[in-house]
$ cat work_24.cif   # mmCIF, N, CA and C atoms
data_data
loop_
_atom_site.label_atom_id
_atom_site.label_comp_id
_atom_site.auth_asym_id
_atom_site.auth_seq_id
_atom_site.Cartn_x
_atom_site.Cartn_y
_atom_site.Cartn_z
N MET A 84 19.11 -25.58 -41.71
CA MET A 84 19.99 -24.64 -42.39
C MET A 84 21.44 -25.08 -42.17
N LYS A 85 22.14 -25.41 -43.26
CA LYS A 85 23.55 -25.78 -43.16
C LYS A 85 24.40 -24.54 -43.38
N ILE A 86 25.30 -24.25 -42.46
CA ILE A 86 26.12 -23.05 -42.50
C ILE A 86 27.58 -23.44 -42.69
N THR A 87 28.19 -22.95 -43.76
CA THR A 87 29.60 -23.24 -44.01
C THR A 87 30.46 -22.19 -43.31
N CYS A 88 31.57 -22.65 -42.71
CA CYS A 88 32.43 -21.78 -41.91
C CYS A 88 33.89 -21.91 -42.31
N LEU A 89 34.61 -20.81 -42.13
CA LEU A 89 36.06 -20.80 -42.22
C LEU A 89 36.60 -20.33 -40.88
N ILE A 90 37.68 -20.96 -40.43
CA ILE A 90 38.35 -20.56 -39.20
C ILE A 90 39.65 -19.87 -39.60
N ILE A 91 39.81 -18.63 -39.14
CA ILE A 91 41.00 -17.85 -39.50
C ILE A 91 41.67 -17.36 -38.23
N ASP A 92 42.80 -17.97 -37.92
CA ASP A 92 43.52 -17.64 -36.68
C ASP A 92 44.95 -18.13 -36.83
N ASP A 93 45.91 -17.34 -36.38
CA ASP A 93 47.31 -17.75 -36.50
C ASP A 93 47.70 -18.75 -35.41
N GLU A 94 46.88 -18.94 -34.40
CA GLU A 94 47.20 -19.88 -33.32
C GLU A 94 46.53 -21.22 -33.57
N GLN A 95 47.33 -22.25 -33.68
CA GLN A 95 46.80 -23.59 -33.96
C GLN A 95 45.84 -24.05 -32.86
N LEU A 96 46.17 -23.80 -31.59
CA LEU A 96 45.30 -24.22 -30.50
C LEU A 96 43.93 -23.55 -30.58
N ALA A 97 43.91 -22.30 -30.96
CA ALA A 97 42.63 -21.59 -31.11
C ALA A 97 41.80 -22.20 -32.24
N ARG A 98 42.46 -22.54 -33.35
CA ARG A 98 41.75 -23.17 -34.47
C ARG A 98 41.19 -24.52 -34.05
N GLU A 99 41.98 -25.29 -33.31
CA GLU A 99 41.52 -26.61 -32.86
C GLU A 99 40.33 -26.49 -31.92
N LEU A 100 40.37 -25.52 -31.01
CA LEU A 100 39.26 -25.33 -30.08
C LEU A 100 38.00 -24.91 -30.82
N LEU A 101 38.13 -23.99 -31.76
CA LEU A 101 36.96 -23.58 -32.55
C LEU A 101 36.38 -24.76 -33.31
N ARG A 102 37.25 -25.55 -33.92
CA ARG A 102 36.78 -26.72 -34.67
C ARG A 102 36.02 -27.67 -33.73
N GLU A 103 36.55 -27.87 -32.53
CA GLU A 103 35.89 -28.74 -31.55
C GLU A 103 34.51 -28.19 -31.18
N TYR A 104 34.40 -26.90 -30.92
CA TYR A 104 33.11 -26.27 -30.59
C TYR A 104 32.13 -26.40 -31.75
N ILE A 105 32.62 -26.17 -32.96
CA ILE A 105 31.77 -26.23 -34.15
C ILE A 105 31.23 -27.64 -34.36
N GLU A 106 32.04 -28.64 -34.07
CA GLU A 106 31.61 -30.03 -34.25
C GLU A 106 30.38 -30.38 -33.40
N HIS A 107 30.14 -29.63 -32.32
CA HIS A 107 28.99 -29.87 -31.45
C HIS A 107 27.72 -29.18 -31.93
N ILE A 108 27.81 -28.46 -33.05
CA ILE A 108 26.65 -27.75 -33.58
C ILE A 108 26.34 -28.30 -34.97
N PRO A 109 25.28 -29.11 -35.07
CA PRO A 109 24.99 -29.84 -36.31
C PRO A 109 24.83 -28.95 -37.55
N ASP A 110 24.36 -27.72 -37.39
CA ASP A 110 24.13 -26.85 -38.54
C ASP A 110 25.41 -26.26 -39.13
N LEU A 111 26.53 -26.38 -38.40
CA LEU A 111 27.79 -25.78 -38.86
C LEU A 111 28.70 -26.81 -39.50
N SER A 112 29.39 -26.37 -40.55
CA SER A 112 30.33 -27.25 -41.25
C SER A 112 31.59 -26.44 -41.58
N VAL A 113 32.75 -26.89 -41.10
CA VAL A 113 34.01 -26.22 -41.39
C VAL A 113 34.48 -26.63 -42.78
N ILE A 114 34.70 -25.63 -43.64
CA ILE A 114 35.15 -25.94 -45.00
C ILE A 114 36.61 -25.54 -45.22
N GLY A 115 37.25 -24.99 -44.17
CA GLY A 115 38.66 -24.66 -44.29
C GLY A 115 39.18 -23.86 -43.11
N GLU A 116 40.52 -23.77 -43.06
CA GLU A 116 41.20 -23.01 -42.02
C GLU A 116 42.34 -22.23 -42.67
N ALA A 117 42.61 -21.07 -42.10
CA ALA A 117 43.75 -20.27 -42.55
C ALA A 117 44.46 -19.71 -41.33
N SER A 118 45.78 -19.61 -41.43
CA SER A 118 46.56 -19.05 -40.32
C SER A 118 47.17 -17.69 -40.68
N LYS A 119 47.00 -17.29 -41.94
CA LYS A 119 47.54 -16.00 -42.41
C LYS A 119 46.46 -15.24 -43.15
N GLY A 120 46.52 -13.92 -43.03
CA GLY A 120 45.52 -13.08 -43.66
C GLY A 120 45.43 -13.25 -45.16
N LYS A 121 46.59 -13.32 -45.83
CA LYS A 121 46.60 -13.46 -47.29
C LYS A 121 45.89 -14.74 -47.72
N ASP A 122 46.17 -15.84 -47.02
CA ASP A 122 45.50 -17.11 -47.31
C ASP A 122 44.00 -17.00 -47.04
N ALA A 123 43.65 -16.29 -45.99
CA ALA A 123 42.25 -16.12 -45.63
C ALA A 123 41.48 -15.41 -46.73
N VAL A 124 42.06 -14.35 -47.28
CA VAL A 124 41.40 -13.60 -48.36
C VAL A 124 41.12 -14.52 -49.54
N GLU A 125 42.12 -15.29 -49.94
CA GLU A 125 41.96 -16.21 -51.07
C GLU A 125 40.88 -17.25 -50.78
N MET A 126 40.90 -17.81 -49.57
CA MET A 126 39.93 -18.85 -49.22
C MET A 126 38.50 -18.30 -49.14
N ILE A 127 38.36 -17.12 -48.55
CA ILE A 127 37.03 -16.52 -48.43
C ILE A 127 36.43 -16.26 -49.81
N ASP A 128 37.23 -15.69 -50.70
CA ASP A 128 36.71 -15.37 -52.03
C ASP A 128 36.51 -16.59 -52.91
N SER A 129 37.26 -17.66 -52.68
CA SER A 129 37.07 -18.85 -53.52
C SER A 129 36.02 -19.81 -52.94
N LEU A 130 36.01 -19.99 -51.62
CA LEU A 130 35.08 -20.95 -51.00
C LEU A 130 33.73 -20.33 -50.64
N LYS A 131 33.68 -19.01 -50.50
CA LYS A 131 32.46 -18.26 -50.18
C LYS A 131 31.69 -18.83 -48.98
N PRO A 132 32.35 -18.87 -47.82
CA PRO A 132 31.68 -19.39 -46.61
C PRO A 132 30.55 -18.46 -46.17
N ASP A 133 29.59 -19.04 -45.47
CA ASP A 133 28.50 -18.24 -44.90
C ASP A 133 29.00 -17.43 -43.70
N LEU A 134 29.92 -18.02 -42.96
CA LEU A 134 30.37 -17.46 -41.68
C LEU A 134 31.87 -17.65 -41.54
N ILE A 135 32.54 -16.62 -41.02
CA ILE A 135 33.97 -16.79 -40.71
C ILE A 135 34.21 -16.45 -39.25
N PHE A 136 35.13 -17.19 -38.65
CA PHE A 136 35.64 -16.91 -37.32
C PHE A 136 37.00 -16.27 -37.56
N LEU A 137 37.14 -15.01 -37.18
CA LEU A 137 38.28 -14.21 -37.61
C LEU A 137 39.04 -13.62 -36.43
N ASP A 138 40.32 -13.96 -36.35
CA ASP A 138 41.20 -13.38 -35.34
C ASP A 138 41.57 -11.97 -35.79
N VAL A 139 41.82 -11.08 -34.83
CA VAL A 139 42.22 -9.72 -35.17
C VAL A 139 43.72 -9.65 -35.45
N GLN A 140 44.53 -10.11 -34.51
CA GLN A 140 45.98 -9.99 -34.61
C GLN A 140 46.58 -11.22 -35.29
N MET A 141 47.08 -11.02 -36.50
CA MET A 141 47.78 -12.07 -37.23
C MET A 141 48.97 -11.45 -37.92
N PRO A 142 50.02 -12.23 -38.16
CA PRO A 142 51.19 -11.66 -38.83
C PRO A 142 50.88 -11.23 -40.26
N GLY A 143 51.42 -10.08 -40.63
CA GLY A 143 51.30 -9.62 -42.01
C GLY A 143 50.04 -8.84 -42.32
N MET A 144 48.92 -9.40 -41.99
CA MET A 144 47.63 -8.79 -42.33
C MET A 144 46.67 -9.09 -41.19
N ASN A 145 46.11 -8.06 -40.56
CA ASN A 145 45.20 -8.33 -39.45
C ASN A 145 43.78 -8.62 -39.97
N GLY A 146 42.90 -8.97 -39.06
CA GLY A 146 41.54 -9.34 -39.44
C GLY A 146 40.80 -8.24 -40.17
N PHE A 147 41.02 -6.99 -39.78
CA PHE A 147 40.35 -5.88 -40.46
C PHE A 147 40.87 -5.70 -41.88
N ASP A 148 42.17 -5.92 -42.06
CA ASP A 148 42.75 -5.89 -43.41
C ASP A 148 42.11 -6.96 -44.30
N VAL A 149 41.90 -8.13 -43.71
CA VAL A 149 41.27 -9.22 -44.45
C VAL A 149 39.89 -8.77 -44.94
N LEU A 150 39.10 -8.19 -44.05
CA LEU A 150 37.75 -7.76 -44.43
C LEU A 150 37.79 -6.68 -45.50
N ASP A 151 38.81 -5.83 -45.47
CA ASP A 151 38.94 -4.78 -46.49
C ASP A 151 39.30 -5.34 -47.86
N GLU A 152 39.95 -6.52 -47.89
CA GLU A 152 40.45 -7.10 -49.14
C GLU A 152 39.47 -8.05 -49.82
N ILE A 153 38.52 -8.60 -49.09
CA ILE A 153 37.66 -9.64 -49.67
C ILE A 153 36.54 -9.04 -50.52
N GLU A 154 36.10 -9.83 -51.49
CA GLU A 154 34.95 -9.46 -52.31
C GLU A 154 33.69 -10.12 -51.77
N HIS A 155 33.79 -11.38 -51.35
CA HIS A 155 32.65 -12.09 -50.76
C HIS A 155 32.33 -11.43 -49.41
N ASP A 156 31.08 -11.47 -49.00
CA ASP A 156 30.65 -10.78 -47.78
C ASP A 156 30.04 -11.77 -46.78
N PRO A 157 30.88 -12.53 -46.06
CA PRO A 157 30.35 -13.49 -45.09
C PRO A 157 29.95 -12.81 -43.79
N PHE A 158 29.20 -13.52 -42.98
CA PHE A 158 28.95 -13.07 -41.62
C PHE A 158 30.26 -13.30 -40.85
N VAL A 159 30.55 -12.43 -39.87
CA VAL A 159 31.84 -12.48 -39.18
C VAL A 159 31.65 -12.52 -37.67
N ILE A 160 32.33 -13.48 -37.04
CA ILE A 160 32.47 -13.51 -35.59
C ILE A 160 33.96 -13.37 -35.31
N PHE A 161 34.33 -12.27 -34.66
CA PHE A 161 35.73 -12.07 -34.30
C PHE A 161 36.07 -12.92 -33.09
N THR A 162 37.28 -13.47 -33.10
CA THR A 162 37.79 -14.26 -31.97
C THR A 162 39.18 -13.73 -31.66
N THR A 163 39.32 -13.08 -30.53
CA THR A 163 40.59 -12.41 -30.23
C THR A 163 40.83 -12.29 -28.74
N ALA A 164 42.07 -12.07 -28.39
CA ALA A 164 42.43 -11.86 -26.98
C ALA A 164 42.37 -10.38 -26.60
N TYR A 165 42.05 -9.52 -27.55
CA TYR A 165 42.13 -8.08 -27.33
C TYR A 165 40.75 -7.43 -27.36
N ASP A 166 40.34 -6.87 -26.22
CA ASP A 166 39.02 -6.25 -26.16
C ASP A 166 38.96 -4.88 -26.82
N GLN A 167 40.11 -4.24 -27.05
CA GLN A 167 40.11 -2.87 -27.56
C GLN A 167 39.67 -2.74 -29.02
N TYR A 168 39.47 -3.85 -29.72
CA TYR A 168 39.05 -3.78 -31.12
C TYR A 168 37.54 -4.00 -31.29
N ALA A 169 36.82 -4.14 -30.22
CA ALA A 169 35.39 -4.48 -30.30
C ALA A 169 34.59 -3.43 -31.08
N ILE A 170 34.79 -2.16 -30.78
CA ILE A 170 34.03 -1.12 -31.47
C ILE A 170 34.32 -1.16 -32.97
N GLN A 171 35.58 -1.28 -33.31
CA GLN A 171 35.96 -1.37 -34.72
C GLN A 171 35.32 -2.59 -35.38
N ALA A 172 35.26 -3.70 -34.65
CA ALA A 172 34.65 -4.91 -35.19
C ALA A 172 33.17 -4.70 -35.50
N PHE A 173 32.46 -4.07 -34.59
CA PHE A 173 31.03 -3.86 -34.82
C PHE A 173 30.79 -2.80 -35.89
N GLU A 174 31.74 -1.89 -36.07
CA GLU A 174 31.64 -0.94 -37.19
C GLU A 174 31.78 -1.67 -38.53
N LYS A 175 32.44 -2.82 -38.51
CA LYS A 175 32.57 -3.67 -39.70
C LYS A 175 31.40 -4.64 -39.83
N ASN A 176 30.37 -4.43 -39.01
CA ASN A 176 29.15 -5.24 -39.04
C ASN A 176 29.35 -6.68 -38.54
N ALA A 177 30.25 -6.85 -37.59
CA ALA A 177 30.47 -8.18 -37.00
C ALA A 177 29.19 -8.66 -36.32
N VAL A 178 28.97 -9.96 -36.38
CA VAL A 178 27.84 -10.56 -35.68
C VAL A 178 28.13 -10.60 -34.18
N ASP A 179 29.38 -10.92 -33.83
CA ASP A 179 29.76 -11.01 -32.43
C ASP A 179 31.27 -10.86 -32.29
N TYR A 180 31.70 -10.77 -31.05
CA TYR A 180 33.10 -10.53 -30.72
C TYR A 180 33.43 -11.40 -29.52
N LEU A 181 34.14 -12.49 -29.74
CA LEU A 181 34.47 -13.43 -28.67
C LEU A 181 35.89 -13.20 -28.18
N LEU A 182 36.02 -13.08 -26.88
CA LEU A 182 37.34 -12.91 -26.28
C LEU A 182 37.94 -14.26 -25.91
N LYS A 183 39.24 -14.40 -26.17
CA LYS A 183 39.98 -15.59 -25.75
C LYS A 183 40.40 -15.41 -24.31
N PRO A 184 40.46 -16.46 -23.52
CA PRO A 184 40.16 -17.84 -23.90
C PRO A 184 38.67 -18.02 -24.17
N LEU A 185 38.37 -18.77 -25.23
CA LEU A 185 36.99 -18.96 -25.65
C LEU A 185 36.22 -19.82 -24.67
N ASP A 186 34.97 -19.46 -24.49
CA ASP A 186 34.06 -20.17 -23.60
C ASP A 186 32.97 -20.81 -24.46
N GLN A 187 32.69 -22.09 -24.24
CA GLN A 187 31.75 -22.80 -25.11
C GLN A 187 30.34 -22.23 -25.04
N GLU A 188 29.87 -21.83 -23.87
CA GLU A 188 28.53 -21.27 -23.75
C GLU A 188 28.44 -19.93 -24.48
N ARG A 189 29.45 -19.12 -24.34
CA ARG A 189 29.48 -17.82 -25.04
C ARG A 189 29.57 -18.04 -26.55
N PHE A 190 30.30 -19.07 -26.97
CA PHE A 190 30.40 -19.44 -28.37
C PHE A 190 29.02 -19.80 -28.92
N LYS A 191 28.26 -20.60 -28.17
CA LYS A 191 26.92 -21.00 -28.60
C LYS A 191 26.01 -19.79 -28.77
N LEU A 192 26.13 -18.83 -27.87
CA LEU A 192 25.34 -17.60 -27.97
C LEU A 192 25.70 -16.84 -29.26
N ALA A 193 26.98 -16.78 -29.58
CA ALA A 193 27.42 -16.11 -30.81
C ALA A 193 26.84 -16.81 -32.05
N ILE A 194 26.81 -18.13 -32.02
CA ILE A 194 26.25 -18.88 -33.15
C ILE A 194 24.76 -18.60 -33.28
N GLU A 195 24.04 -18.56 -32.16
CA GLU A 195 22.62 -18.23 -32.20
C GLU A 195 22.40 -16.86 -32.83
N ARG A 196 23.24 -15.90 -32.47
CA ARG A 196 23.12 -14.56 -33.05
C ARG A 196 23.37 -14.60 -34.56
N ALA A 197 24.37 -15.35 -34.97
CA ALA A 197 24.68 -15.46 -36.40
C ALA A 197 23.52 -16.08 -37.16
N ILE A 198 22.97 -17.15 -36.63
CA ILE A 198 21.84 -17.83 -37.30
C ILE A 198 20.64 -16.89 -37.38
N ASN A 199 20.36 -16.18 -36.29
CA ASN A 199 19.24 -15.23 -36.30
C ASN A 199 19.45 -14.13 -37.33
N ARG A 200 20.66 -13.61 -37.42
CA ARG A 200 20.92 -12.56 -38.41
C ARG A 200 20.81 -13.10 -39.83
N MET A 201 21.29 -14.33 -40.05
CA MET A 201 21.16 -14.94 -41.38
C MET A 201 19.70 -15.09 -41.77
N LYS A 202 18.88 -15.54 -40.84
CA LYS A 202 17.45 -15.72 -41.12
C LYS A 202 16.79 -14.37 -41.42
N LEU A 203 17.15 -13.36 -40.65
CA LEU A 203 16.59 -12.03 -40.89
C LEU A 203 16.95 -11.52 -42.28
N GLU A 204 18.19 -11.68 -42.67
CA GLU A 204 18.62 -11.17 -43.97
C GLU A 204 18.05 -11.97 -45.12
N GLN A 205 17.78 -13.25 -44.90
CA GLN A 205 17.16 -14.07 -45.94
C GLN A 205 15.72 -13.63 -46.20
N ASN A 206 15.07 -13.13 -45.14
CA ASN A 206 13.67 -12.72 -45.26
C ASN A 206 13.50 -11.33 -45.84
N ASN A 207 14.60 -10.61 -45.99
CA ASN A 207 14.51 -9.24 -46.54
C ASN A 207 14.73 -9.21 -48.03
#
$ encode --input "work_24.cif" --output "structure tokens"
Amino acid sequence: MKITCLIIDDEQLARELLREYIEHIPDLSVIGEASKGKDAVEMIDSLKPDLIFLDVQMPGMNGFDVLDEIEHDPFVIFTTAYDQYAIQAFEKNAVDYLLKPLDQERFKLAIERAINRMKLEQNN
């Protein structure tokens, strides 16, 4: 199963780390990156990724605003330094919620959850 991903984070170092982690998982393919919410909305709706890695706090438009604006419905793994948004993230049907600084083992667990949820939804 090949899974297309978008990385959405205003911090370049966070995007680079996510890209590095993703490169170690053969089933994942990064098809783009965005550092602003407005760009993220456009990319999600035009590229239609299977999975997005979404930061909560970004200038102009936060991650929840992005989810409210998109038409395409990708699987979502939040990546943020703030634990107080976890409940809100799961109310938005997030697959997982990763706290920064990101840990590679925890990242792998999030990917396993995403793949399992994708398989479940394909079978329904």
$ atom_distance --input "work_24.cif" --atom1 "atom CA of A:Asn145" --atom2 "atom CA of A:Pro109"
29.7 Å
$ atom_distance --input "work_24.cif" --atom1 "atom CA of A:Ala117" --atom2 "atom CA of A:Tyr104"
17.1 Å
$ residues_around --input "work_24.cif" --residues "A:Asp179" --least-positions-apart "4" --cutoff "5 Å" --atoms "all atoms listed in the file" --output "MDAnalysis selection string"
chainID A and resid 159:161
$ resolve_selection --input "work_24.cif" --expression "the PyMOL selection byres ((chain A and resi 140) around 8)" --output "ChimeraX atom specification"
/A:92-94,137-139,141-147,162-165
$ residues_near_point --input "work_24.cif" --point "(41.0, -18.1, -40.7)" --cutoff "6 Å" --atoms "only N, CA and C atoms" --output "list in words"
Leu89, Ile90, Ile91, Asp92, Glu116, Ala117, Ser118, Ala123, Phe136 and Leu137 of chain A
$ select_by_dssp --input "work_24.cif" --residues "chain A" --states "strand (DSSP E or B)" --output "PyMOL selection string"
chain A and resi 86-91+111-117+134-137+158-163+179-182
$ residues_around --input "work_24.cif" --residues "stretch 200-204 of chain A" --least-positions-apart "4" --cutoff "9 Å" --atoms "only C-alpha atoms" --output "number ranges by chain"
A: 133, 158, 178, 195-196
$ write_last_selection --input "work_24.cif" --atoms "N, CA and C atoms" --output "JSON list (two decimals), in the coordinates of the input"
[["chain", "number", "residue", "atom", "x", "y", "z"],
["A", 133, "ASP", "N", 29.59, -19.04, -45.47],
["A", 133, "ASP", "CA", 28.50, -18.24, -44.90],
["A", 133, "ASP", "C", 29.00, -17.43, -43.70],
["A", 158, "PHE", "N", 29.20, -13.52, -42.98],
["A", 158, "PHE", "CA", 28.95, -13.07, -41.62],
["A", 158, "PHE", "C", 30.26, -13.30, -40.85],
["A", 178, "VAL", "N", 28.97, -9.96, -36.38],
["A", 178, "VAL", "CA", 27.84, -10.56, -35.68],
["A", 178, "VAL", "C", 28.13, -10.60, -34.18],
["A", 195, "GLU", "N", 24.04, -18.56, -32.16],
["A", 195, "GLU", "CA", 22.62, -18.23, -32.20],
["A", 195, "GLU", "C", 22.40, -16.86, -32.83],
["A", 196, "ARG", "N", 23.24, -15.90, -32.47],
["A", 196, "ARG", "CA", 23.12, -14.56, -33.05],
["A", 196, "ARG", "C", 23.37, -14.60, -34.56]]
$ closest_residue --input "work_24.cif" --among "A:Ala172, A:Leu111, A:Leu185, A:Ile198" --to "A:Lys85" --atoms "only N, CA and C atoms"
A:Leu111
$ closest_residue --input "work_24.cif" --among "A:Gly120, A:Pro132, A:Gly115, A:Pro184" --to "A:Pro157" --atoms "only N, CA and C atoms"
A:Pro132
$ atom_distance --input "work_24.cif" --atom1 "atom CA of A:Lys131" --atom2 "atom CA of A:Leu150"
13.1 Å
$ closest_residue --input "work_24.cif" --among "A:Val124, A:Leu134, A:Ile170, A:Leu96" --to "A:Asp110" --atoms "only C-alpha atoms"
A:Leu134
$ closest_residue --input "work_24.cif" --among "A:Glu154, A:Glu103, A:Glu174, A:Asp166" --to "A:Leu130" --atoms "only C-alpha atoms"
A:Glu154
$ resolve_selection --input "work_24.cif" --expression "the PyMOL selection byres (((chain A and resi 187 and name CA) around 12) and name CA)" --output "list of chain:residue names"
A:Leu100, A:Leu101, A:Arg102, A:Glu103, A:Tyr104, A:Ile105, A:Glu106, A:His107, A:Ile108, A:Leu181, A:Leu182, A:Lys183, A:Pro184, A:Leu185, A:Asp186, A:Glu188, A:Arg189, A:Phe190, A:Lys191, A:Leu192, A:Ala193, A:Ile194
$ residues_around --input "work_24.cif" --residues "A:Ser112" --least-positions-apart "2" --cutoff "5 Å" --atoms "all atoms listed in the file" --output "PDB file with N, CA and C atoms, in the coordinates of the input"
ATOM      1  N   ILE A  86      25.300 -24.250 -42.460  1.00  0.00           N
ATOM      2  CA  ILE A  86      26.120 -23.050 -42.500  1.00  0.00           C
ATOM      3  C   ILE A  86      27.580 -23.440 -42.690  1.00  0.00           C
ATOM      4  N   THR A  87      28.190 -22.950 -43.760  1.00  0.00           N
ATOM      5  CA  THR A  87      29.600 -23.240 -44.010  1.00  0.00           C
ATOM      6  C   THR A  87      30.460 -22.190 -43.310  1.00  0.00           C
ATOM      7  N   CYS A  88      31.570 -22.650 -42.710  1.00  0.00           N
ATOM      8  CA  CYS A  88      32.430 -21.780 -41.910  1.00  0.00           C
ATOM      9  C   CYS A  88      33.890 -21.910 -42.310  1.00  0.00           C
ATOM     10  N   ASP A 110      24.360 -27.720 -37.390  1.00  0.00           N
ATOM     11  CA  ASP A 110      24.130 -26.850 -38.540  1.00  0.00           C
ATOM     12  C   ASP A 110      25.410 -26.260 -39.130  1.00  0.00           C
ATOM     13  N   ILE A 114      34.700 -25.630 -43.640  1.00  0.00           N
ATOM     14  CA  ILE A 114      35.150 -25.940 -45.000  1.00  0.00           C
ATOM     15  C   ILE A 114      36.610 -25.540 -45.220  1.00  0.00           C
TER      16      ILE A 114
END
$ closest_residue --input "work_24.cif" --among "A:Ala197, A:Val149, A:Asp156, A:Ala177" --to "A:Glu125" --atoms "only C-alpha atoms"
A:Val149
$ select_by_dssp --input "work_24.cif" --residues "chain A" --states "alpha helix (DSSP H)" --output "NGL selection string"
:A and (95-106 or 120-130 or 146-152 or 169-174 or 187-206)
$ decode --input "work_24.cif" --residues "stretch 97-118 of chain A" --atoms "N, CA and C atoms" --output "CSV table (one decimal), in the first residue's frame"
chain,number,residue,atom,x,y,z
A,97,ALA,N,11.1,21.1,11.9
A,97,ALA,CA,10.1,20.0,12.1
A,97,ALA,C,9.7,19.3,10.8
A,98,ARG,N,9.6,20.1,9.7
A,98,ARG,CA,9.3,19.5,8.4
A,98,ARG,C,10.5,18.6,7.9
A,99,GLU,N,11.7,19.1,8.2
A,99,GLU,CA,12.8,18.2,7.8
A,99,GLU,C,12.9,16.9,8.6
A,100,LEU,N,12.6,17.0,9.9
A,100,LEU,CA,12.6,15.8,10.7
A,100,LEU,C,11.5,14.8,10.3
A,101,LEU,N,10.3,15.4,10.0
A,101,LEU,CA,9.3,14.5,9.5
A,101,LEU,C,9.6,13.8,8.2
A,102,ARG,N,10.2,14.6,7.3
A,102,ARG,CA,10.6,14.0,6.0
A,102,ARG,C,11.6,12.9,6.2
A,103,GLU,N,12.6,13.1,7.1
A,103,GLU,CA,13.6,12.1,7.4
A,103,GLU,C,12.9,10.9,8.0
A,104,TYR,N,12.0,11.0,8.9
A,104,TYR,CA,11.3,9.8,9.5
A,104,TYR,C,10.5,9.1,8.4
A,105,ILE,N,9.8,9.9,7.5
A,105,ILE,CA,9.0,9.3,6.5
A,105,ILE,C,9.9,8.5,5.5
A,106,GLU,N,11.1,9.0,5.2
A,106,GLU,CA,12.0,8.3,4.3
A,106,GLU,C,12.3,6.9,4.7
A,107,HIS,N,12.2,6.6,6.0
A,107,HIS,CA,12.5,5.3,6.6
A,107,HIS,C,11.4,4.3,6.5
A,108,ILE,N,10.2,4.8,6.0
A,108,ILE,CA,9.0,3.9,5.9
A,108,ILE,C,8.7,3.8,4.4
A,109,PRO,N,9.0,2.6,3.8
A,109,PRO,CA,8.8,2.4,2.4
A,109,PRO,C,7.4,2.7,1.8
A,110,ASP,N,6.4,2.5,2.6
A,110,ASP,CA,5.0,2.7,2.1
A,110,ASP,C,4.6,4.2,2.1
A,111,LEU,N,5.4,5.1,2.6
A,111,LEU,CA,5.0,6.5,2.6
A,111,LEU,C,5.8,7.3,1.6
A,112,SER,N,5.1,8.2,1.0
A,112,SER,CA,5.7,9.1,0.0
A,112,SER,C,5.2,10.5,0.2
A,113,VAL,N,6.2,11.4,0.4
A,113,VAL,CA,5.9,12.8,0.6
A,113,VAL,C,5.6,13.5,-0.8
A,114,ILE,N,4.4,14.1,-0.9
A,114,ILE,CA,4.1,14.7,-2.2
A,114,ILE,C,4.1,16.2,-2.1
A,115,GLY,N,4.4,16.8,-0.9
A,115,GLY,CA,4.5,18.2,-0.7
A,115,GLY,C,4.6,18.6,0.7
A,116,GLU,N,4.9,19.9,0.9
A,116,GLU,CA,5.1,20.5,2.2
A,116,GLU,C,4.4,21.9,2.1
A,117,ALA,N,3.9,22.3,3.3
A,117,ALA,CA,3.4,23.7,3.4
A,117,ALA,C,3.7,24.2,4.7
A,118,SER,N,4.0,25.5,4.8
A,118,SER,CA,4.4,26.2,6.0
A,118,SER,C,3.3,27.1,6.5
